[in-house]
$ cat entry29.cif   # mmCIF, C-alpha atoms, pLDDT in the B column; chains and numbers go by the auth columns
data_model
loop_
_atom_site.group_PDB
_atom_site.id
_atom_site.type_symbol
_atom_site.label_atom_id
_atom_site.label_comp_id
_atom_site.label_asym_id
_atom_site.label_seq_id
_atom_site.Cartn_x
_atom_site.Cartn_y
_atom_site.Cartn_z
_atom_site.B_iso_or_equiv
_atom_site.auth_seq_id
_atom_site.auth_asym_id
ATOM 1 C CA MET A 1 0.000 0.000 0.000 39.00 27 D
ATOM 2 C CA LEU A 2 2.783 2.443 0.886 36.00 28 D
ATOM 3 C CA VAL A 3 4.458 1.768 -2.466 37.00 29 D
ATOM 4 C CA ASP A 4 1.171 2.385 -4.241 43.00 30 D
ATOM 5 C CA LEU A 5 0.624 5.647 -2.360 34.00 31 D
ATOM 6 C CA ALA A 6 4.147 6.762 -3.190 39.00 32 D
ATOM 7 C CA ARG A 7 3.552 6.062 -6.880 42.00 33 D
ATOM 8 C CA ARG A 8 0.293 8.027 -6.807 41.00 34 D
ATOM 9 C CA GLY A 9 2.080 10.893 -5.088 39.00 35 D
ATOM 10 C CA ASP A 10 4.789 10.895 -7.736 45.00 36 D
ATOM 11 C CA ALA A 11 2.127 10.953 -10.453 45.00 37 D
ATOM 12 C CA VAL A 12 0.384 13.939 -8.855 39.00 38 D
ATOM 13 C CA ILE A 13 3.661 15.825 -8.478 40.00 39 D
ATOM 14 C CA ALA A 14 4.526 15.123 -12.128 46.00 40 D
ATOM 15 C CA GLU A 15 1.087 16.283 -13.244 45.00 41 D
ATOM 16 C CA VAL A 16 1.369 19.534 -11.290 39.00 42 D
ATOM 17 C CA ALA A 17 4.866 20.106 -12.632 47.00 43 D
ATOM 18 C CA ALA A 18 3.672 19.526 -16.182 44.00 44 D
ATOM 19 C CA GLN A 19 0.755 21.910 -15.822 44.00 45 D
ATOM 20 C CA SER A 20 2.904 24.640 -14.268 46.00 46 D
ATOM 21 C CA THR A 21 5.733 24.448 -16.824 52.00 47 D
ATOM 22 C CA ASN A 22 5.711 27.662 -18.862 84.00 48 D
ATOM 23 C CA THR A 23 8.531 26.708 -21.213 92.00 49 D
ATOM 24 C CA LEU A 24 8.947 23.390 -23.002 95.00 50 D
ATOM 25 C CA ARG A 25 12.436 22.969 -24.461 96.00 51 D
ATOM 26 C CA VAL A 26 12.463 20.392 -27.257 97.00 52 D
ATOM 27 C CA GLY A 27 15.506 18.912 -28.988 96.00 53 D
ATOM 28 C CA ASN A 28 15.388 17.430 -32.483 96.00 54 D
ATOM 29 C CA VAL A 29 18.034 15.776 -34.648 93.00 55 D
ATOM 30 C CA GLU A 30 19.503 16.871 -38.008 90.00 56 D
ATOM 31 C CA TRP A 31 17.154 19.746 -38.837 88.00 57 D
ATOM 32 C CA THR A 32 13.964 21.102 -37.304 92.00 58 D
ATOM 33 C CA PRO A 33 11.195 22.420 -39.574 92.00 59 D
ATOM 34 C CA PRO A 34 9.066 25.239 -38.143 95.00 60 D
ATOM 35 C CA THR A 35 5.989 23.056 -38.674 95.00 61 D
ATOM 36 C CA LEU A 36 7.247 20.594 -36.041 95.00 62 D
ATOM 37 C CA LYS A 37 7.481 23.370 -33.460 96.00 63 D
ATOM 38 C CA ASP A 38 3.988 24.550 -34.454 95.00 64 D
ATOM 39 C CA ALA A 39 2.561 21.029 -34.063 95.00 65 D
ATOM 40 C CA ILE A 40 3.942 20.699 -30.530 95.00 66 D
ATOM 41 C CA ALA A 41 2.836 24.194 -29.551 95.00 67 D
ATOM 42 C CA THR A 42 -0.683 23.539 -30.844 94.00 68 D
ATOM 43 C CA CYS A 43 -1.174 20.424 -28.720 93.00 69 D
ATOM 44 C CA LEU A 44 0.220 22.108 -25.567 91.00 70 D
ATOM 45 C CA PRO A 45 -1.089 25.677 -25.832 92.00 71 D
ATOM 46 C CA SER A 46 -0.290 26.535 -22.190 90.00 72 D
ATOM 47 C CA ALA A 47 3.457 26.099 -22.773 91.00 73 D
ATOM 48 C CA GLU A 48 5.939 28.264 -24.625 94.00 74 D
ATOM 49 C CA VAL A 49 7.737 25.845 -26.957 96.00 75 D
ATOM 50 C CA GLN A 50 11.424 26.369 -27.702 96.00 76 D
ATOM 51 C CA THR A 51 13.121 24.028 -30.205 96.00 77 D
ATOM 52 C CA GLU A 52 16.772 23.209 -30.718 96.00 78 D
ATOM 53 C CA THR A 53 18.578 21.058 -33.292 95.00 79 D
ATOM 54 C CA VAL A 54 21.001 18.758 -31.497 93.00 80 D
ATOM 55 C CA ASP A 55 23.174 15.680 -31.841 90.00 81 D
ATOM 56 C CA PRO A 56 21.417 12.565 -30.432 87.00 82 D
ATOM 57 C CA ALA A 57 24.030 11.899 -27.728 83.00 83 D
ATOM 58 C CA ASP A 58 24.004 15.548 -26.670 90.00 84 D
ATOM 59 C CA ALA A 59 20.210 15.488 -26.622 91.00 85 D
ATOM 60 C CA MET A 60 20.147 12.502 -24.274 90.00 86 D
ATOM 61 C CA SER A 61 22.533 14.194 -21.854 91.00 87 D
ATOM 62 C CA ALA A 62 20.681 17.495 -22.073 94.00 88 D
ATOM 63 C CA VAL A 63 17.362 15.822 -21.232 95.00 89 D
ATOM 64 C CA ALA A 64 18.940 13.895 -18.343 93.00 90 D
ATOM 65 C CA GLU A 65 20.416 17.132 -16.960 93.00 91 D
ATOM 66 C CA GLY A 66 17.194 19.111 -17.394 93.00 92 D
ATOM 67 C CA LEU A 67 18.579 21.418 -20.094 95.00 93 D
ATOM 68 C CA LEU A 68 15.916 20.032 -22.445 96.00 94 D
ATOM 69 C CA ASN A 69 12.472 18.816 -21.382 96.00 95 D
ATOM 70 C CA LEU A 70 12.288 16.248 -24.146 95.00 96 D
ATOM 71 C CA ALA A 71 13.884 15.272 -27.431 96.00 97 D
ATOM 72 C CA LEU A 72 13.077 13.470 -30.663 96.00 98 D
ATOM 73 C CA VAL A 73 16.026 11.237 -31.465 94.00 99 D
ATOM 74 C CA PRO A 74 16.763 8.135 -33.553 93.00 100 D
ATOM 75 C CA SER A 75 17.531 5.006 -31.596 89.00 101 D
ATOM 76 C CA PRO A 76 20.982 3.421 -32.034 83.00 102 D
ATOM 77 C CA PRO A 77 20.884 0.219 -34.152 80.00 103 D
ATOM 78 C CA GLY A 78 21.112 -1.840 -30.943 65.00 104 D
ATOM 79 C CA ARG A 79 18.057 0.044 -29.572 57.00 105 D
ATOM 80 C CA GLN A 80 19.858 1.760 -26.674 55.00 106 D
ATOM 81 C CA SER A 81 23.528 2.107 -25.797 51.00 107 D
ATOM 82 C CA ALA A 82 24.800 1.170 -22.337 47.00 108 D
ATOM 83 C CA ASP A 83 25.432 4.856 -21.570 53.00 109 D
ATOM 84 C CA VAL A 84 21.828 5.773 -22.398 58.00 110 D
ATOM 85 C CA ARG A 85 20.439 3.002 -20.196 64.00 111 D
ATOM 86 C CA LYS A 86 22.334 4.477 -17.251 74.00 112 D
ATOM 87 C CA LEU A 87 20.562 7.818 -17.602 81.00 113 D
ATOM 88 C CA PRO A 88 17.242 8.575 -15.824 89.00 114 D
ATOM 89 C CA LEU A 89 15.306 8.630 -19.082 92.00 115 D
ATOM 90 C CA SER A 90 12.027 7.259 -20.394 92.00 116 D
ATOM 91 C CA THR A 91 11.345 6.658 -24.074 93.00 117 D
ATOM 92 C CA ALA A 92 8.423 5.996 -26.406 94.00 118 D
ATOM 93 C CA VAL A 93 8.657 4.873 -30.029 95.00 119 D
ATOM 94 C CA VAL A 94 7.049 7.448 -32.314 96.00 120 D
ATOM 95 C CA VAL A 95 7.498 5.492 -35.557 97.00 121 D
ATOM 96 C CA ARG A 96 9.756 2.893 -37.144 96.00 122 D
ATOM 97 C CA GLU A 97 11.267 4.283 -40.337 96.00 123 D
ATOM 98 C CA PRO A 98 12.930 2.131 -43.055 97.00 124 D
ATOM 99 C CA VAL A 99 16.349 2.926 -44.510 97.00 125 D
ATOM 100 C CA TRP A 100 15.890 3.402 -48.261 98.00 126 D
ATOM 101 C CA LEU A 101 17.991 4.319 -51.275 97.00 127 D
ATOM 102 C CA ALA A 102 18.289 7.832 -52.741 98.00 128 D
ATOM 103 C CA VAL A 103 19.318 8.166 -56.397 98.00 129 D
ATOM 104 C CA PRO A 104 19.215 11.047 -58.897 97.00 130 D
ATOM 105 C CA HIS A 105 16.013 11.734 -60.816 96.00 131 D
ATOM 106 C CA GLY A 106 16.026 9.705 -64.022 95.00 132 D
ATOM 107 C CA HIS A 107 18.336 7.010 -62.628 96.00 133 D
ATOM 108 C CA PRO A 108 17.524 3.502 -63.987 94.00 134 D
ATOM 109 C CA LEU A 109 16.595 2.379 -60.461 95.00 135 D
ATOM 110 C CA ALA A 110 14.384 5.388 -59.730 94.00 136 D
ATOM 111 C CA ALA A 111 11.171 3.616 -60.713 90.00 137 D
ATOM 112 C CA ASN A 112 12.180 0.223 -59.295 88.00 138 D
ATOM 113 C CA GLY A 113 11.926 -1.392 -55.928 82.00 139 D
ATOM 114 C CA PRO A 114 12.434 -2.939 -53.649 95.00 140 D
ATOM 115 C CA VAL A 115 16.116 -3.159 -54.607 95.00 141 D
ATOM 116 C CA GLY A 116 18.490 -5.744 -53.176 94.00 142 D
ATOM 117 C CA THR A 117 22.096 -6.928 -53.143 94.00 143 D
ATOM 118 C CA ALA A 118 22.739 -6.836 -56.903 93.00 144 D
ATOM 119 C CA GLU A 119 21.608 -3.216 -57.240 93.00 145 D
ATOM 120 C CA VAL A 120 23.585 -2.098 -54.188 92.00 146 D
ATOM 121 C CA ARG A 121 26.773 -3.625 -55.580 93.00 147 D
ATOM 122 C CA SER A 122 26.343 -1.768 -58.872 93.00 148 D
ATOM 123 C CA LEU A 123 26.254 1.739 -57.393 96.00 149 D
ATOM 124 C CA ASP A 124 28.755 4.435 -56.452 96.00 150 D
ATOM 125 C CA TRP A 125 28.082 5.870 -53.007 97.00 151 D
ATOM 126 C CA VAL A 126 28.231 8.877 -50.780 98.00 152 D
ATOM 127 C CA ARG A 127 28.305 7.859 -47.110 98.00 153 D
ATOM 128 C CA TYR A 128 28.055 9.475 -43.690 97.00 154 D
ATOM 129 C CA ALA A 129 30.931 10.654 -41.518 96.00 155 D
ATOM 130 C CA ARG A 130 31.920 8.238 -38.768 91.00 156 D
ATOM 131 C CA GLY A 131 30.785 10.663 -36.065 90.00 157 D
ATOM 132 C CA HIS A 132 27.345 11.245 -37.590 93.00 158 D
ATOM 133 C CA TRP A 133 24.369 9.559 -35.903 93.00 159 D
ATOM 134 C CA PHE A 134 23.244 7.850 -39.133 95.00 160 D
ATOM 135 C CA HIS A 135 26.629 6.185 -39.729 95.00 161 D
ATOM 136 C CA ASP A 136 25.901 3.156 -37.536 94.00 162 D
ATOM 137 C CA HIS A 137 22.478 2.680 -39.144 95.00 163 D
ATOM 138 C CA GLU A 138 24.115 2.910 -42.562 96.00 164 D
ATOM 139 C CA ASP A 139 26.700 0.279 -41.573 96.00 165 D
ATOM 140 C CA ALA A 140 23.938 -2.024 -40.311 95.00 166 D
ATOM 141 C CA ALA A 141 21.890 -1.540 -43.482 96.00 167 D
ATOM 142 C CA PHE A 142 24.852 -2.312 -45.740 96.00 168 D
ATOM 143 C CA ALA A 143 25.760 -5.342 -43.629 95.00 169 D
ATOM 144 C CA ASP A 144 22.303 -6.777 -44.385 93.00 170 D
ATOM 145 C CA LEU A 145 22.876 -6.359 -48.126 93.00 171 D
ATOM 146 C CA VAL A 146 26.536 -6.891 -49.041 94.00 172 D
ATOM 147 C CA GLU A 147 29.554 -8.733 -47.663 92.00 173 D
ATOM 148 C CA VAL A 148 31.936 -5.758 -47.984 92.00 174 D
ATOM 149 C CA GLN A 149 31.021 -2.185 -47.034 94.00 175 D
ATOM 150 C CA PRO A 150 31.134 0.117 -50.110 95.00 176 D
ATOM 151 C CA VAL A 151 33.974 2.621 -50.373 95.00 177 D
ATOM 152 C CA PRO A 152 32.417 6.086 -50.701 96.00 178 D
ATOM 153 C CA ALA A 153 33.236 8.918 -53.066 96.00 179 D
ATOM 154 C CA HIS A 154 32.740 11.283 -50.112 97.00 180 D
ATOM 155 C CA ARG A 155 31.600 11.243 -46.481 97.00 181 D
ATOM 156 C CA VAL A 156 28.972 13.803 -45.462 97.00 182 D
ATOM 157 C CA ARG A 157 27.885 15.432 -42.200 93.00 183 D
ATOM 158 C CA GLY A 158 24.143 15.391 -42.777 92.00 184 D
ATOM 159 C CA HIS A 159 21.203 14.298 -44.897 94.00 185 D
ATOM 160 C CA HIS A 160 20.969 17.488 -46.922 93.00 186 D
ATOM 161 C CA GLU A 161 24.656 17.330 -47.869 96.00 187 D
ATOM 162 C CA ALA A 162 24.164 13.681 -48.855 97.00 188 D
ATOM 163 C CA MET A 163 21.210 14.591 -51.048 97.00 189 D
ATOM 164 C CA SER A 164 23.204 17.342 -52.769 97.00 190 D
ATOM 165 C CA TRP A 165 25.874 14.766 -53.677 98.00 191 D
ATOM 166 C CA VAL A 166 23.194 12.430 -55.006 98.00 192 D
ATOM 167 C CA ARG A 167 21.770 15.231 -57.129 97.00 193 D
ATOM 168 C CA GLU A 168 25.011 16.845 -58.339 97.00 194 D
ATOM 169 C CA ALA A 169 27.514 13.952 -58.425 97.00 195 D
ATOM 170 C CA GLY A 170 25.118 11.238 -59.578 96.00 196 D
ATOM 171 C CA VAL A 171 25.942 8.890 -56.703 97.00 197 D
ATOM 172 C CA ALA A 172 23.616 6.963 -54.389 98.00 198 D
ATOM 173 C CA ALA A 173 23.027 7.321 -50.650 98.00 199 D
ATOM 174 C CA LEU A 174 21.143 5.511 -47.953 98.00 200 D
ATOM 175 C CA THR A 175 18.634 7.619 -46.035 97.00 201 D
ATOM 176 C CA VAL A 176 15.468 7.501 -44.018 97.00 202 D
ATOM 177 C CA PRO A 177 12.679 8.714 -46.334 97.00 203 D
ATOM 178 C CA THR A 178 12.026 11.858 -44.283 95.00 204 D
ATOM 179 C CA GLY A 179 15.722 12.756 -44.660 93.00 205 D
ATOM 180 C CA ALA A 180 15.492 12.926 -48.458 95.00 206 D
ATOM 181 C CA THR A 181 14.839 16.088 -50.441 94.00 207 D
ATOM 182 C CA LYS A 182 12.409 16.553 -53.335 94.00 208 D
ATOM 183 C CA ASP A 183 15.240 16.773 -55.897 95.00 209 D
ATOM 184 C CA VAL A 184 16.188 13.081 -55.545 97.00 210 D
ATOM 185 C CA SER A 185 14.277 9.826 -56.086 97.00 211 D
ATOM 186 C CA LEU A 186 13.564 7.409 -53.232 97.00 212 D
ATOM 187 C CA VAL A 187 13.744 3.659 -53.847 97.00 213 D
ATOM 188 C CA PRO A 188 12.535 1.031 -51.328 97.00 214 D
ATOM 189 C CA VAL A 189 15.087 -1.533 -50.136 96.00 215 D
ATOM 190 C CA ALA A 190 14.230 -5.205 -49.694 93.00 216 D
ATOM 191 C CA ASP A 191 14.030 -6.207 -46.004 93.00 217 D
ATOM 192 C CA ALA A 192 15.062 -2.664 -45.136 95.00 218 D
ATOM 193 C CA HIS A 193 16.962 -1.874 -41.952 96.00 219 D
ATOM 194 C CA ILE A 194 14.719 -0.033 -39.488 95.00 220 D
ATOM 195 C CA CYS A 195 15.515 3.149 -37.574 95.00 221 D
ATOM 196 C CA GLU A 196 13.246 3.941 -34.618 94.00 222 D
ATOM 197 C CA LEU A 197 12.337 7.544 -33.885 95.00 223 D
ATOM 198 C CA LEU A 198 12.046 7.983 -30.115 94.00 224 D
ATOM 199 C CA LEU A 199 10.499 10.597 -27.865 96.00 225 D
ATOM 200 C CA VAL A 200 12.784 10.901 -24.825 95.00 226 D
ATOM 201 C CA TRP A 201 12.079 12.654 -21.521 95.00 227 D
ATOM 202 C CA ARG A 202 13.490 12.622 -18.003 94.00 228 D
ATOM 203 C CA THR A 203 11.673 9.980 -15.984 93.00 229 D
ATOM 204 C CA GLY A 204 9.009 11.565 -13.783 92.00 230 D
ATOM 205 C CA SER A 205 9.325 15.045 -15.277 93.00 231 D
ATOM 206 C CA LEU A 206 6.180 14.882 -17.442 92.00 232 D
ATOM 207 C CA SER A 207 2.766 13.503 -16.647 91.00 233 D
ATOM 208 C CA ARG A 208 1.379 10.507 -18.489 92.00 234 D
ATOM 209 C CA ALA A 209 -1.300 12.701 -20.032 93.00 235 D
ATOM 210 C CA THR A 210 1.280 15.158 -21.360 93.00 236 D
ATOM 211 C CA VAL A 211 3.460 12.371 -22.763 94.00 237 D
ATOM 212 C CA ALA A 212 0.449 10.707 -24.422 95.00 238 D
ATOM 213 C CA THR A 213 -0.593 14.005 -26.016 95.00 239 D
ATOM 214 C CA LEU A 214 2.930 14.669 -27.282 95.00 240 D
ATOM 215 C CA VAL A 215 3.453 11.171 -28.669 96.00 241 D
ATOM 216 C CA GLU A 216 0.154 11.059 -30.545 96.00 242 D
ATOM 217 C CA ASN A 217 0.509 14.543 -31.988 96.00 243 D
ATOM 218 C CA VAL A 218 4.081 13.908 -33.131 97.00 244 D
ATOM 219 C CA ARG A 219 2.878 10.684 -34.765 97.00 245 D
ATOM 220 C CA ARG A 220 0.183 12.606 -36.598 96.00 246 D
ATOM 221 C CA TYR A 221 2.712 15.254 -37.606 96.00 247 D
ATOM 222 C CA TYR A 222 5.018 12.532 -38.943 96.00 248 D
ATOM 223 C CA CYS A 223 2.200 11.168 -41.099 96.00 249 D
ATOM 224 C CA GLU A 224 1.333 14.630 -42.382 95.00 250 D
ATOM 225 C CA TYR A 225 4.993 15.128 -43.334 95.00 251 D
ATOM 226 C CA ALA A 226 5.159 11.667 -44.941 96.00 252 D
ATOM 227 C CA ARG A 227 2.193 12.668 -47.142 95.00 253 D
ATOM 228 C CA THR A 228 4.481 15.208 -48.837 95.00 254 D
ATOM 229 C CA ILE A 229 6.719 12.301 -49.978 96.00 255 D
ATOM 230 C CA PRO A 230 4.356 10.490 -52.394 95.00 256 D
ATOM 231 C CA ARG A 231 6.323 7.269 -52.860 95.00 257 D
ATOM 232 C CA PHE A 232 6.919 6.840 -49.145 97.00 258 D
ATOM 233 C CA TRP A 233 3.307 7.661 -48.231 97.00 259 D
ATOM 234 C CA SER A 234 2.027 5.162 -50.792 96.00 260 D
ATOM 235 C CA TRP A 235 4.356 2.553 -49.313 96.00 261 D
ATOM 236 C CA MET A 236 3.144 3.270 -45.782 97.00 262 D
ATOM 237 C CA VAL A 237 -0.510 2.979 -46.807 96.00 263 D
ATOM 238 C CA ALA A 238 0.207 -0.276 -48.666 95.00 264 D
ATOM 239 C CA HIS A 239 2.197 -1.760 -45.754 95.00 265 D
ATOM 240 C CA PRO A 240 0.505 -0.513 -42.551 95.00 266 D
ATOM 241 C CA GLU A 241 1.731 -3.592 -40.650 94.00 267 D
ATOM 242 C CA ASN A 242 5.259 -2.140 -40.847 94.00 268 D
ATOM 243 C CA PHE A 243 4.138 1.135 -39.245 96.00 269 D
ATOM 244 C CA ARG A 244 2.014 -0.088 -36.365 95.00 270 D
ATOM 245 C CA GLU A 245 2.560 2.986 -34.168 96.00 271 D
ATOM 246 C CA VAL A 246 0.897 5.176 -36.805 96.00 272 D
ATOM 247 C CA GLU A 247 -1.266 2.542 -38.478 95.00 273 D
ATOM 248 C CA ARG A 248 -4.568 4.169 -37.544 92.00 274 D
ATOM 249 C CA TYR A 249 -3.515 7.405 -39.269 93.00 275 D
ATOM 250 C CA LEU A 250 -2.857 5.431 -42.455 92.00 276 D
ATOM 251 C CA THR A 251 -6.343 3.957 -42.502 80.00 277 D
ATOM 252 C CA ASN A 252 -8.158 6.940 -40.946 70.00 278 D
ATOM 253 C CA PRO A 253 -6.057 10.089 -41.438 52.00 279 D
ATOM 254 C CA HIS A 254 -8.746 12.405 -39.998 55.00 280 D
ATOM 255 C CA GLU A 255 -8.988 10.650 -36.643 55.00 281 D
ATOM 256 C CA ASP A 256 -8.812 13.023 -33.692 51.00 282 D
ATOM 257 C CA VAL A 257 -5.693 12.887 -31.554 43.00 283 D
ATOM 258 C CA PRO A 258 -6.411 12.192 -27.857 43.00 284 D
ATOM 259 C CA GLY A 259 -5.752 15.192 -25.669 42.00 285 D
ATOM 260 C CA SER A 260 -5.461 17.647 -28.551 41.00 286 D
ATOM 261 C CA ASP A 261 -8.670 19.557 -27.793 39.00 287 D
#

$ encode --input "entry29.cif" --output "C-alpha cells"
Amino acid sequence: MLVDLARRGDAVIAEVAAQSTNTLRVGNVEWTPPTLKDAIATCLPSAEVQTETVDPADAMSAVAEGLLNLALVPSPPGRQSADVRKLPLSTAVVVREPVWLAVPHGHPLAANGPVGTAEVRSLDWVRYARGHWFHDHEDAAFADLVEVQPVPAHRVRGHHEAMSWVREAGVAALTVPTGATKDVSLVPVADAHICELLLVWRTGSLSRATVATLVENVRRYYCEYARTIPRFWSWMVAHPENFREVERYLTNPHEDVPGSD
C-alpha cells in the first residue's frame, strides 16, 4: 500500500509540474522544420515551446540534466547504448522508419523497388561521416545487403549534404525517407533496416497525459509530413503492418488525436 501511495504521489507531483511548466524545451536531430514546433505548440497551448537542433548523444545528456524537457532522437541500431540506459530517461517509439535508397532523378533504379544486393553492388556511393548519428544505421543496413562495405566517393555530415551529392555527383546514398529532399528519387530496399524515432524525456518530469498528447501529436505530424513524400506515403498505406505505431492514421487520417482539444 505504501508503495502504491508513493507512486500516486509521484504521479500527482509530475502532473502539477507539467501543468505549471511555462517553457517546453524540445531537442530534435539533423534539422527542425518550423511546422514541427507549431505542431507541438498547438497540442500544448499553455506552454511556450522552444526548439533546438542537437546531436542525439548531446540530446540525451541534455534531457537527463534538465537542459531540455524532451527530445526526438533516432535510436541506435542496438536500440539503446549502455550509456543511455544508465541515464534517468524514459522513451516511447514514435514510428519505425525504413532505410531506403536515394538516387538522382532519371536514374535507372528510380522507378524500381524494392532493390536488393545486386543493385547495391552496382552503385557508387556517398556515405556518412563516422561521427554522424546515421553512420551506424548505414553500416547495419549495408551489412544486411553486401559482404563488404562500399567505399564512398565522399563522407557527409548530414542528410541534406548527402542529397546534394546524389543530385550533383550522380551517386547513391542511404537515407530515411524523411531525410530525403524533393530533388532526388527514393527507392525502397528489400528487407530494409529499421531506424526507430524515439520521444525521450526525463523519468518523472512529465505527466502521463502530457506524454500521451505529445506522442500522438508527433505521430500525426510525422504522417502529415510523410504525405508530402508520395512514394513513401504510398508505401506506408500499402504496408501498414510495418508502421504499427501510426497505423490508424494510415487507414483513418482524420482521426482526432487524444488530448489535442

$ resolve_selection --input "entry29.cif" --expression "the PyMOL selection byres ((chain D and resi 186-202) around 7)" --output "PyMOL selection string"
chain D and resi 123-130+149-153+164+182-185+203-207+209-210

$ atom_distance --input "entry29.cif" --atom1 "atom CA of Ala83 of chain D" --atom2 "atom CA of Val99 of chain D"
8.9 Å

$ resolve_selection --input "entry29.cif" --expression "the PyMOL selection byres ((chain D and resi 218-220) around 8)" --output "PyMOL selection string"
chain D and resi 122-126+163+166-167+170+214-217+221-222

$ closest_residue --input "entry29.cif" --among "D:Leu171, D:Leu240, D:Val263, D:Leu225" --to "Pro82 of chain D" --atoms "only C-alpha atoms"
D:Leu225

$ closest_residue --input "entry29.cif" --among "D:Val226, D:Leu212, D:Leu70, D:Asn243" --to "Pro256 of chain D" --atoms "all atoms listed in the file"
D:Leu212

$ resolve_selection --input "entry29.cif" --expression "the PyMOL selection byres ((chain D and resi 116) around 7)" --output "PyMOL selection string"
chain D and resi 115+117+226-229

$ closest_residue --input "entry29.cif" --among "D:Ala252, D:Val213, D:Arg234, D:Gly53" --to "Pro140 of chain D" --atoms "all atoms listed in the file"
D:Val213

$ closest_residue --input "entry29.cif" --among "D:Asn54, D:Thr79, D:Ser148, D:Thr239" --to "Ala67 of chain D" --atoms "all atoms listed in the file"
D:Thr239

$ closest_residue --input "entry29.cif" --among "D:Val177, D:Lys208, D:Val121, D:Val55" --to "Thr254 of chain D" --atoms "all atoms listed in the file"
D:Lys208

$ atom_distance --input "entry29.cif" --atom1 "atom CA of Thr277 of chain D" --atom2 "atom CA of Leu224 of chain D"
22.5 Å

$ axis_aligned_box --input "entry29.cif" --around "segment 114-127 of chain D" --padding-each-side "8 Å" --output "AutoDock Vina command-line options"
--center_x 12.5 --center_y 5.4 --center_z -33.5 --size_x 26.9 --size_y 22.5 --size_z 51.5

$ closest_residue --input "entry29.cif" --among "D:Ala144, D:Leu96, D:Leu50, D:Val272" --to "Ala73 of chain D" --atoms "only C-alpha atoms"
D:Leu50
